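Chemist: I have a structure here, written as structure tokens, and I will follow up with some questions on it.
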Amino acid sequence: MKVPTFDLNGTKKEEIELPIVFSTPFRKDLISKSFTKLNSHKFQPQGTHPTAGMDVVARSNDPPTGQGSSRIAKMRGGGGGRQGQAGGVASVRGGRQAHPPKVQKVIFKKLNKKENKLALCSAIAATQSKEIIEYRGHKIENINTFPIVISNDIESVTKTKEILKILDSLNLTQDINRLKTRRVRTGKSSLRGRGTKIGKSVLFVVSKSKKLSHACGTIPGVDVQTAKDLSVLDLAPGGVPIRLVVYSKNALKEIEKIKSTHLELLVSIAWK
């Protein structure tokens, strides 16, 4: 399949052939599964202090029966304070947790390498489908060809005002403006300083991201990723396919190097 390339002014140039990766069937279930597994690797282990709630002088009655009082541990001492109160055990005020979380617990999930590679290839292939991109909520009314491929000059842009002009020439500004209408979150998230949640808009996939990342740093929703580090986490945020992606020509050359068993089968079928 051939798609046109654009220059920085939004003018169509030559047509190029897409890599064989873009022929991968769409697997929504695998993309969602891969996102769940990869996202779990960012979780932070949670645990409590080994003696939390137990740093008190509290003992139960010995023998515990026949004295008309409960068998739960009581505070020792005299002269007031917490004397006689329950403590040092679970289910009491200031006591320990019954079954506290442990930092030793394995909280990340594993995924087969072939499944993960197939999910990545499927997510890349889905970026050429206008229906799937629209289903995620992106505004792409005036865009006709997918995926969007731009010249390698995009990788040398260093200024934000230049990026804004390029986005406008590619009719991508409408999708960025979509994020301005997001409402402020309420409830506990707002009380804890997370009242605003930035959405996801355009993703630039390039071969070298240093300069372009600096230029896109202040534009909400716009991200930059290198082709060699591309992941399902970038292409399907929240596990929902698929994000609006702009590729550079060099990035497609890097994607063409992806090797997988199903891609070898696709090539063999194409040659028959």
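For the structure tokens, the naming scheme is as follows: chains receive sequential letters (A, B, ...) according to their order of presentation, residues are indexed from 1 within each chain, and ligands are indexed from 1 in presentation order.
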If we count only C-alpha atoms and set the cut-off at 9 Å, which residues sit around Lys208 (chain A), ignoring sequence neighbours fewer than 5 positions away in its own chain? Please answer as a list in words.
Modeler: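 Once the nearby chain positions are removed, what remains is Glu155, Ser156, Gln225, Thr226, Ala227, Asn250 and Ala251 of chain A.
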Chemist: With only C-alpha atoms as the counted atoms, please give the residues lying no more than 9 Å from Gly77 (chain A), apart from itself and same-chain residues fewer than 6 positions off, as a list of chain:residue names.
Modeler: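 Listed by chain and then number, they are A:Val57, A:Gln83, A:Gly84.
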Chemist: Can you list, as a PDB file with C-alpha atoms, in the first residue's frame, every residue of region 69-210 of chain A that DSSP puts in alpha helix (DSSP H)?
Modeler:
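Output saved as out21.pdb:
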ATOM      1  CA  LYS A 113       7.290 -12.080  23.594  1.00  0.00           C
ATOM      2  CA  LYS A 114       5.456 -13.163  20.448  1.00  0.00           C
ATOM      3  CA  GLU A 115       2.148 -11.878  21.804  1.00  0.00           C
ATOM      4  CA  ASN A 116       3.721  -8.554  22.706  1.00  0.00           C
ATOM      5  CA  LYS A 117       5.327  -8.230  19.255  1.00  0.00           C
ATOM      6  CA  LEU A 118       2.050  -9.094  17.530  1.00  0.00           C
ATOM      7  CA  ALA A 119       0.210  -6.523  19.647  1.00  0.00           C
ATOM      8  CA  LEU A 120       2.767  -3.844  18.723  1.00  0.00           C
ATOM      9  CA  CYS A 121       2.543  -4.661  15.006  1.00  0.00           C
ATOM     10  CA  SER A 122      -1.249  -4.685  15.184  1.00  0.00           C
ATOM     11  CA  ALA A 123      -1.247  -1.278  16.901  1.00  0.00           C
ATOM     12  CA  ILE A 124       1.080   0.148  14.249  1.00  0.00           C
ATOM     13  CA  ALA A 125      -1.133  -1.239  11.473  1.00  0.00           C
ATOM     14  CA  ALA A 126      -4.230   0.276  13.101  1.00  0.00           C
ATOM     15  CA  LYS A 130      -9.602   6.266   9.918  1.00  0.00           C
ATOM     16  CA  GLU A 131     -12.544   4.481  11.581  1.00  0.00           C
ATOM     17  CA  ILE A 132     -10.472   3.206  14.520  1.00  0.00           C
ATOM     18  CA  ILE A 133      -8.845   6.618  15.054  1.00  0.00           C
ATOM     19  CA  GLU A 134     -12.234   8.346  15.020  1.00  0.00           C
ATOM     20  CA  TYR A 135     -13.645   5.762  17.438  1.00  0.00           C
ATOM     21  CA  THR A 160       7.247  25.513  19.288  1.00  0.00           C
ATOM     22  CA  LYS A 161       5.841  28.163  16.951  1.00  0.00           C
ATOM     23  CA  GLU A 162       7.181  26.213  13.974  1.00  0.00           C
ATOM     24  CA  ILE A 163       5.512  23.023  15.217  1.00  0.00           C
ATOM     25  CA  LEU A 164       2.197  24.854  15.609  1.00  0.00           C
ATOM     26  CA  LYS A 165       2.406  26.002  11.976  1.00  0.00           C
ATOM     27  CA  ILE A 166       3.181  22.446  10.829  1.00  0.00           C
ATOM     28  CA  LEU A 167       0.253  21.036  12.822  1.00  0.00           C
ATOM     29  CA  ASP A 168      -2.027  23.643  11.281  1.00  0.00           C
ATOM     30  CA  SER A 169      -0.835  22.839   7.749  1.00  0.00           C
ATOM     31  CA  THR A 173      -4.869  21.706  15.162  1.00  0.00           C
ATOM     32  CA  GLN A 174      -8.538  20.728  15.464  1.00  0.00           C
ATOM     33  CA  ASP A 175      -7.577  17.643  17.423  1.00  0.00           C
ATOM     34  CA  ILE A 176      -5.333  19.614  19.795  1.00  0.00           C
ATOM     35  CA  ASN A 177      -8.083  22.174  20.425  1.00  0.00           C
ATOM     36  CA  LYS A 188     -10.948  13.127  45.761  1.00  0.00           C
ATOM     37  CA  SER A 189      -8.798  13.603  42.650  1.00  0.00           C
ATOM     38  CA  SER A 190      -9.371  17.368  42.786  1.00  0.00           C
ATOM     39  CA  LEU A 191      -8.714  17.536  46.536  1.00  0.00           C
ATOM     40  CA  LYS A 210      15.825  15.161  20.931  1.00  0.00           C
TER      41      LYS A 210
END
Chemist: Considering only strand (DSSP E or B) as DSSP defines it on the backbone, what residues of region 159-258 of chain A qualify? List them as a list in words.
Modeler: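 Taking region 159-258 of chain A and keeping strand (DSSP E or B) only, one gets Leu203, Phe204, Val205, Val206, Asp223, Val224, Gln225, Thr226, Val245, Val246, Tyr247 and Ser248 of chain A.
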Chemist: Store the residues of this selection in a file with N, CA, C and O atoms, as a compact mmCIF listing (two decimals), in the first residue's frame.
Modeler:
# COMPACT_ATOMS: atom_id res chain seq x y z
N LEU A 203 0.75 12.03 18.14
CA LEU A 203 2.01 11.38 18.50
C LEU A 203 2.93 11.41 17.29
O LEU A 203 2.59 10.89 16.23
N PHE A 204 4.10 12.03 17.46
CA PHE A 204 5.12 12.03 16.41
C PHE A 204 6.05 10.84 16.62
O PHE A 204 6.62 10.68 17.70
N VAL A 205 6.20 10.02 15.61
CA VAL A 205 7.13 8.89 15.64
C VAL A 205 8.27 9.21 14.68
O VAL A 205 8.05 9.31 13.47
N VAL A 206 9.47 9.39 15.24
CA VAL A 206 10.63 9.81 14.45
C VAL A 206 11.81 8.90 14.76
O VAL A 206 11.74 8.03 15.64
N ASP A 223 2.94 14.32 21.91
CA ASP A 223 4.10 13.58 22.39
C ASP A 223 4.99 13.19 21.22
O ASP A 223 4.56 13.15 20.06
N VAL A 224 6.25 12.86 21.56
CA VAL A 224 7.23 12.44 20.57
C VAL A 224 7.87 11.16 21.06
O VAL A 224 8.23 11.04 22.24
N GLN A 225 8.04 10.19 20.16
CA GLN A 225 8.66 8.92 20.51
C GLN A 225 9.50 8.44 19.33
O GLN A 225 9.15 8.67 18.17
N THR A 226 10.62 7.80 19.65
CA THR A 226 11.46 7.23 18.60
C THR A 226 10.87 5.90 18.14
O THR A 226 10.21 5.20 18.91
N VAL A 245 -1.30 9.29 14.79
CA VAL A 245 0.15 9.20 14.70
C VAL A 245 0.64 9.87 13.42
O VAL A 245 0.01 9.74 12.35
N VAL A 246 1.76 10.57 13.54
CA VAL A 246 2.45 11.16 12.39
C VAL A 246 3.85 10.55 12.33
O VAL A 246 4.62 10.68 13.28
N TYR A 247 4.17 9.88 11.23
CA TYR A 247 5.46 9.23 11.07
C TYR A 247 6.38 10.09 10.21
O TYR A 247 5.93 10.75 9.26
N SER A 248 7.66 10.04 10.52
CA SER A 248 8.66 10.59 9.60
C SER A 248 9.11 9.47 8.67
O SER A 248 8.94 8.28 8.97
Chemist: Which residue, A:Val89, A:Val157, A:Leu172, A:Val103, has the smallest gap to Ser213 (chain A) when you use only C-alpha atoms?
Modeler: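 Selected residue with least distance to Ser213 (chain A): A:Val157.
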Chemist: Could you tell me which of A:Cys216, A:Ile16, A:Ala90, A:Val21 comes closest to Glu264 (chain A) if we count only C-alpha atoms?
Modeler: A:Val21
Chemist: In terms of the shortest atom-to-atom distance over only C-alpha atoms, which of A:Ile143, A:Ile154, A:Leu233, A:Arg82 is closest to Leu170 (chain A)?
Modeler: A:Ile143
Chemist: Do you know which residues are at most 8 Å from His214 (chain A) counting only C-alpha atoms, after dropping those on the same chain fewer than 3 positions away, and could you put them as an NGL selection string?
Modeler: :A and (158-159 or 210-211 or 217)
Chemist: Using only C-alpha atoms, find the one residue out of A:Val3, A:Val240, A:Ile198, A:Leu230 that sits nearest to Ile255 (chain A).
Modeler: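 With only C-alpha atoms as the atom set, the closest residue is A:Leu230.
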Chemist: So that I can check the surroundings of Leu263 (chain A), please list as a PyMOL selection string every protein, DNA and RNA residue that reaches within 10 Å of it, counting only C-alpha atoms and ignoring chain neighbours fewer than 4 positions away.
Modeler: chain A and resi 20-24+118+121+258-259+267-269
Chemist: I need the residue nearest Ser40 (chain A) from this list: A:Lys110, A:Leu266, A:Lys253, A:Gly137. Use only C-alpha atoms for the distance.
Modeler: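 For Ser40 (chain A), the nearest of the candidates is A:Lys110.
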Chemist: Using only C-alpha atoms, determine which residues lie at most 8 Å from Gly94 (chain A), disregarding the query and same-chain residues fewer than 5 positions distant; provide the list as an mmCIF file with all heavy atoms, in the first residue's frame.
Modeler:
data_model
loop_
_atom_site.group_PDB
_atom_site.id
_atom_site.type_symbol
_atom_site.label_atom_id
_atom_site.label_comp_id
_atom_site.auth_asym_id
_atom_site.auth_seq_id
_atom_site.Cartn_x
_atom_site.Cartn_y
_atom_site.Cartn_z
ATOM 1 N N GLY A 53 2.182 0.034 64.396
ATOM 2 C CA GLY A 53 1.055 -0.239 65.270
ATOM 3 C C GLY A 53 1.357 -1.180 66.417
ATOM 4 O O GLY A 53 0.472 -1.495 67.210
ATOM 5 N N GLY A 87 -4.584 -2.237 72.388
ATOM 6 C CA GLY A 87 -3.543 -1.782 71.461
ATOM 7 C C GLY A 87 -2.598 -2.896 71.082
ATOM 8 O O GLY A 87 -2.575 -3.963 71.704
ATOM 9 N N GLY A 88 -1.804 -2.650 70.053
ATOM 10 C CA GLY A 88 -0.788 -3.596 69.653
ATOM 11 C C GLY A 88 -1.284 -4.751 68.826
ATOM 12 O O GLY A 88 -0.504 -5.623 68.437
#
Chemist: Could you check the closest approach to Lys13 (chain A) for each of A:Met75, A:Leu179, A:Val149, A:Met54 and tell me which residue wins, using only C-alpha atoms?
Modeler: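 Closest residue, counting only C-alpha atoms: A:Val149.
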Chemist: How many Å separate CA of Ile72 (chain A) from CA of Pro50 (chain A)?
Modeler: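 A separation of 20.8 Å between them.
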